[in-house]
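Below: the structure, in structure tokens.
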Amino acid sequence: MTATEAVTATEAIGEPRARRGASVGRTDAHASPLAARRRRLFWPLLLPAVLLYLVFFAGPSLYTVWLSFNKWAGAGPMTFVGLDNYRRLLQDPTFHQSFANTLWIILGVGGLTFLVSFGLTMVLRDMKGRKAARSILFFPNIVPALALSILWGFLFQHDGLADAVVGAVGLEHPPNWLGQSNIFRVIMIGLVWTSTGFYTTILMAAVDQIPPELYEDCELAGANALQKFRYVTLPLMWDVVGVCAVLWTISAVKVFEFIYAFAGAAGQMPDTGVWNTALYTYGEAFASGGIPRYGSASASAVVMVTLVGVLVVLIRRVMRRDTVQF
């Protein structure tokens, strides 16, 4: 037998043994008491969560989609109208204004929120007592949005703190903050104030994981704070920024309490000029001065969900990058 034939024979004998060993290993793993217990507990533990998801999320969501194709006042029989509710949205100027305000909140407020968060991240990274500063910045997220909107109203009322600050810088006639021409801008500023601390805290948690020697190398190279952020901080926390962008998109579409309590009167809806799609949906379903239109409200809700889905997909695609190892 040649050397080549001996090697071939050895491989032929060894291969079945390896297969038998792997088969025995799999059999032992499946036959182990721990694996058997896990298989028996899988569905009993998973089934309650699945039932809760179907009953309280999937079921109502599907019913909302079905309701968007019907005309219903909340009582009595439904009337199937097909796409009429969606056509009504396309022709309703109030929905157009609400949709535009929603985009302003997502893009305008979101962009300003992240700019301020990035700036605070640069400042807090080398700041003494940054843990205490984080707690202060995060405080607005602990307080309910209803209380924050009431506080924001006191700040911008006539002769309030905002007027005092404007008067201190030399302006004798401060703007009418709560007038229809300025109130939505004030709302946007308030949303920036309430959201900045939350995203700054998340971004700072990502910055804490960056090795400090990278910043030491930047200092030796003579880099300033902006260059450190651009070439070290931002690339290494890019995945976290993408997650924050998705979280903001989802939460921005659902903004409701702050606008409703700040711009509305007691028991009355705010002026339609400050509505977003969430308030439009509420106004259609719980109209105080007419017949509720649950079909139109459901159509608006479906449009909101679709908008969130499209924006999240776009954000994930635009912000997709190779993972940076450090």
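Here, A, B, ... name the chains of the structure tokens in the order displayed, residue numbers run from 1 inside each chain, and ligands are numbered from 1 in the same displayed order.
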| request: Can you pull out every residue within 12 Å of segment 241-248 of chain A, counting only C-alpha atoms, but drop anything in the same chain fewer than 2 positions away, and send it as a ChimeraX atom specification? | output: /A:105-115,117-118,191-192,195-196,198-207,233-239,250-255,308-321
| Members of segment 61-237 of chain A assigned helix (DSSP H, G or I) by DSSP, as number ranges by chain | A: 61-67, 84-91, 93-125, 130-141, 145-156, 161-168, 183-207, 212-220, 225-236
Would you kindly return, as a PDB file with N, CA and C atoms, in the first residue's frame, each protein, DNA or RNA residue with an atom no farther than 10 Å from any atom of His158 of chain A, considering only C-alpha atoms and excluding same-chain residues fewer than 6 positions away?
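Final output, result-v5.pdb:
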ATOM      1  N   ALA A 164     -39.899  88.684  30.741  1.00  0.00           N
ATOM      2  CA  ALA A 164     -38.893  89.326  31.591  1.00  0.00           C
ATOM      3  C   ALA A 164     -37.503  89.223  30.975  1.00  0.00           C
ATOM      4  N   PRO A 174     -42.236  92.739  23.868  1.00  0.00           N
ATOM      5  CA  PRO A 174     -41.989  91.321  23.577  1.00  0.00           C
ATOM      6  C   PRO A 174     -43.075  90.762  22.668  1.00  0.00           C
ATOM      7  N   PRO A 175     -42.755  89.733  21.907  1.00  0.00           N
ATOM      8  CA  PRO A 175     -43.762  89.156  21.011  1.00  0.00           C
ATOM      9  C   PRO A 175     -44.877  88.479  21.797  1.00  0.00           C
ATOM     10  N   ASN A 176     -45.992  88.312  21.125  1.00  0.00           N
ATOM     11  CA  ASN A 176     -47.117  87.587  21.711  1.00  0.00           C
ATOM     12  C   ASN A 176     -46.844  86.092  21.542  1.00  0.00           C
ATOM     13  N   TRP A 177     -46.213  85.517  22.563  1.00  0.00           N
ATOM     14  CA  TRP A 177     -45.770  84.134  22.463  1.00  0.00           C
ATOM     15  C   TRP A 177     -46.923  83.165  22.198  1.00  0.00           C
ATOM     16  N   LEU A 178     -48.057  83.419  22.806  1.00  0.00           N
ATOM     17  CA  LEU A 178     -49.185  82.498  22.714  1.00  0.00           C
ATOM     18  C   LEU A 178     -50.146  82.858  21.597  1.00  0.00           C
TER      19      LEU A 178
END
| request: Tell me which protein, DNA and RNA residues are within 12 Å of Ile291 of chain A, counting only C-alpha atoms, leaving out same-chain ones fewer than 5 positions away, and put them as a ChimeraX atom specification. | output: /A:71-75,283-286,296
Next, dump the selected residues to file, keeping only N, CA and C atoms, as a compact mmCIF listing (two decimals), in the first residue's frame.
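Saved result, result_18.txt, follows:
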# COMPACT_ATOMS: atom_id res chain seq x y z
N LYS A 71 -67.49 53.57 7.55
CA LYS A 71 -68.03 54.79 8.15
C LYS A 71 -68.79 54.37 9.40
N TRP A 72 -68.39 54.93 10.55
CA TRP A 72 -68.98 54.51 11.82
C TRP A 72 -68.91 55.67 12.80
N ALA A 73 -69.99 55.91 13.51
CA ALA A 73 -70.06 57.00 14.48
C ALA A 73 -69.84 56.53 15.91
N GLY A 74 -69.40 55.28 16.08
CA GLY A 74 -69.18 54.75 17.42
C GLY A 74 -70.35 53.95 17.95
N ALA A 75 -71.49 54.03 17.29
CA ALA A 75 -72.68 53.28 17.68
C ALA A 75 -73.50 53.02 16.43
N GLY A 283 -59.26 64.33 17.35
CA GLY A 283 -60.36 65.22 17.02
C GLY A 283 -61.42 64.55 16.16
N GLU A 284 -61.00 63.66 15.26
CA GLU A 284 -61.96 62.94 14.43
C GLU A 284 -62.76 61.93 15.24
N ALA A 285 -62.11 61.27 16.17
CA ALA A 285 -62.78 60.22 16.94
C ALA A 285 -63.62 60.77 18.07
N PHE A 286 -63.19 61.87 18.66
CA PHE A 286 -63.89 62.41 19.84
C PHE A 286 -64.28 63.87 19.58
N SER A 296 -62.66 57.80 9.69
CA SER A 296 -61.65 58.77 9.31
C SER A 296 -60.51 58.80 10.32
| message | Could you go through segment 66-197 of chain A and tell me which residues DSSP, when run on the backbone, assigns to strand (DSSP E), listing them as number ranges by chain? | response | A: 70-71, 79-80
With N, CA and C atoms retained, export the selected residues as a PDB file, in the first residue's frame.
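Saved result, out-v1.pdb, follows:
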ATOM      1  N   ASN A  70     -64.446  51.815   6.738  1.00  0.00           N
ATOM      2  CA  ASN A  70     -65.863  51.884   7.068  1.00  0.00           C
ATOM      3  C   ASN A  70     -66.224  53.272   7.579  1.00  0.00           C
ATOM      4  N   LYS A  71     -67.492  53.570   7.555  1.00  0.00           N
ATOM      5  CA  LYS A  71     -68.028  54.786   8.154  1.00  0.00           C
ATOM      6  C   LYS A  71     -68.792  54.374   9.399  1.00  0.00           C
ATOM      7  N   THR A  79     -70.880  51.146   7.889  1.00  0.00           N
ATOM      8  CA  THR A  79     -71.117  51.200   6.447  1.00  0.00           C
ATOM      9  C   THR A  79     -69.777  51.129   5.739  1.00  0.00           C
ATOM     10  N   PHE A  80     -69.611  50.103   4.917  1.00  0.00           N
ATOM     11  CA  PHE A  80     -68.348  49.953   4.195  1.00  0.00           C
ATOM     12  C   PHE A  80     -68.257  51.015   3.103  1.00  0.00           C
TER      13      PHE A  80
END
| Closest to Thr194 of chain A among A:Leu220, A:Ile210, A:Ala225, A:Val143, using only C-alpha atoms? | A:Val143
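The shortest atom-to-atom distance to Ala297 of chain A, with only C-alpha atoms taken into account, belongs to A:Leu89 out of A:Leu45, A:Val116, A:Leu83, A:Leu89.
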| said: Give me, as a PyMOL selection string, all polymer residues having an atom no more than 12 Å from Val303 of chain A, counting only C-alpha atoms and skipping those fewer than 2 positions away in the same chain. | reply: chain A and resi 64-65+68+85-86+89-90+95+98-99+102+253+277-278+280-281+296-301+305-310
Save the residues we just selected, C-alpha atoms, as a CSV table (one decimal), in the first residue's frame?
chain,number,residue,atom,x,y,z
A,64,THR,CA,-58.2,49.7,13.1
A,65,VAL,CA,-57.2,48.9,9.5
A,68,SER,CA,-60.5,52.7,8.2
A,85,ASN,CA,-61.9,57.9,4.3
A,86,TYR,CA,-58.4,58.1,2.8
A,89,LEU,CA,-57.9,62.9,4.3
A,90,LEU,CA,-56.3,63.9,1.0
A,95,PHE,CA,-55.2,67.0,7.8
A,98,SER,CA,-51.6,68.4,10.8
A,99,PHE,CA,-49.4,66.3,8.5
A,102,THR,CA,-45.9,66.4,12.2
A,253,VAL,CA,-45.4,61.0,15.7
A,277,THR,CA,-51.7,63.9,13.1
A,278,ALA,CA,-52.2,62.6,16.7
A,280,TYR,CA,-56.2,65.2,14.2
A,281,THR,CA,-57.0,61.5,15.0
A,296,SER,CA,-61.6,58.8,9.3
A,297,ALA,CA,-59.8,58.7,12.6
A,298,SER,CA,-58.7,55.1,11.9
A,299,ALA,CA,-57.5,56.1,8.4
A,300,SER,CA,-55.4,58.9,10.0
A,301,ALA,CA,-54.0,56.3,12.5
A,305,VAL,CA,-48.2,54.0,11.3
A,306,THR,CA,-47.3,53.9,7.7
A,307,LEU,CA,-45.3,57.1,8.0
A,308,VAL,CA,-43.4,55.7,10.9
A,309,GLY,CA,-42.6,52.5,9.1
A,310,VAL,CA,-41.3,54.3,6.0
Please report as a Markdown table every residue of segment 159-261 of chain A lying within 8 Å of segment 144-149 of chain A, along with the nearest atom pair and their distance in Å (one decimal), using only C-alpha atoms.
| residue | atom | partner | partner_atom | distance |
| --- | --- | --- | --- | --- |
| A:Glu257 | CA | A:Leu146 | CA | 5.8 |
| A:Phe258 | CA | A:Ser149 | CA | 5.1 |
| A:Ile259 | CA | A:Ser149 | CA | 7.5 |
| A:Ala261 | CA | A:Ser149 | CA | 6.1 |
Residue subset to file, keeping all heavy atoms, as a PDB file, in the first residue's frame:
ATOM      1  N   GLU A 257     -49.971  65.006  24.447  1.00  0.00           N
ATOM      2  CA  GLU A 257     -50.337  65.712  25.678  1.00  0.00           C
ATOM      3  C   GLU A 257     -49.782  67.126  25.727  1.00  0.00           C
ATOM      4  O   GLU A 257     -50.472  68.049  26.162  1.00  0.00           O
ATOM      5  CB  GLU A 257     -49.858  64.924  26.914  1.00  0.00           C
ATOM      6  CG  GLU A 257     -50.428  63.537  27.046  1.00  0.00           C
ATOM      7  CD  GLU A 257     -49.478  62.499  26.493  1.00  0.00           C
ATOM      8  OE1 GLU A 257     -48.740  62.830  25.533  1.00  0.00           O
ATOM      9  OE2 GLU A 257     -49.476  61.362  27.009  1.00  0.00           O
ATOM     10  N   PHE A 258     -48.529  67.276  25.298  1.00  0.00           N
ATOM     11  CA  PHE A 258     -47.897  68.590  25.404  1.00  0.00           C
ATOM     12  C   PHE A 258     -48.656  69.623  24.584  1.00  0.00           C
ATOM     13  O   PHE A 258     -48.953  70.725  25.060  1.00  0.00           O
ATOM     14  CB  PHE A 258     -46.434  68.498  24.950  1.00  0.00           C
ATOM     15  CG  PHE A 258     -45.630  69.718  25.259  1.00  0.00           C
ATOM     16  CD1 PHE A 258     -44.929  69.815  26.454  1.00  0.00           C
ATOM     17  CD2 PHE A 258     -45.555  70.789  24.372  1.00  0.00           C
ATOM     18  CE1 PHE A 258     -44.182  70.941  26.764  1.00  0.00           C
ATOM     19  CE2 PHE A 258     -44.826  71.914  24.661  1.00  0.00           C
ATOM     20  CZ  PHE A 258     -44.138  71.992  25.864  1.00  0.00           C
ATOM     21  N   ILE A 259     -48.999  69.288  23.347  1.00  0.00           N
ATOM     22  CA  ILE A 259     -49.716  70.233  22.492  1.00  0.00           C
ATOM     23  C   ILE A 259     -51.133  70.444  22.993  1.00  0.00           C
ATOM     24  O   ILE A 259     -51.633  71.577  23.043  1.00  0.00           O
ATOM     25  CB  ILE A 259     -49.729  69.729  21.035  1.00  0.00           C
ATOM     26  CG1 ILE A 259     -48.304  69.542  20.528  1.00  0.00           C
ATOM     27  CG2 ILE A 259     -50.486  70.692  20.135  1.00  0.00           C
ATOM     28  CD1 ILE A 259     -48.223  68.956  19.133  1.00  0.00           C
ATOM     29  N   ALA A 261     -52.485  70.133  26.038  1.00  0.00           N
ATOM     30  CA  ALA A 261     -52.622  70.888  27.285  1.00  0.00           C
ATOM     31  C   ALA A 261     -52.072  72.300  27.158  1.00  0.00           C
ATOM     32  O   ALA A 261     -52.590  73.228  27.790  1.00  0.00           O
ATOM     33  CB  ALA A 261     -51.908  70.149  28.423  1.00  0.00           C
TER      34      ALA A 261
END
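Atom CA of Tyr53 of chain A to atom CA of Pro292 of chain A spans 28.1 Å [interatomic distance, one decimal].
Of the residues listed (A:Val50, A:Val232, A:Met188, A:Leu161), A:Met188 shows the shortest atom-to-atom separation from Phe262 of chain A; distances use only C-alpha atoms.
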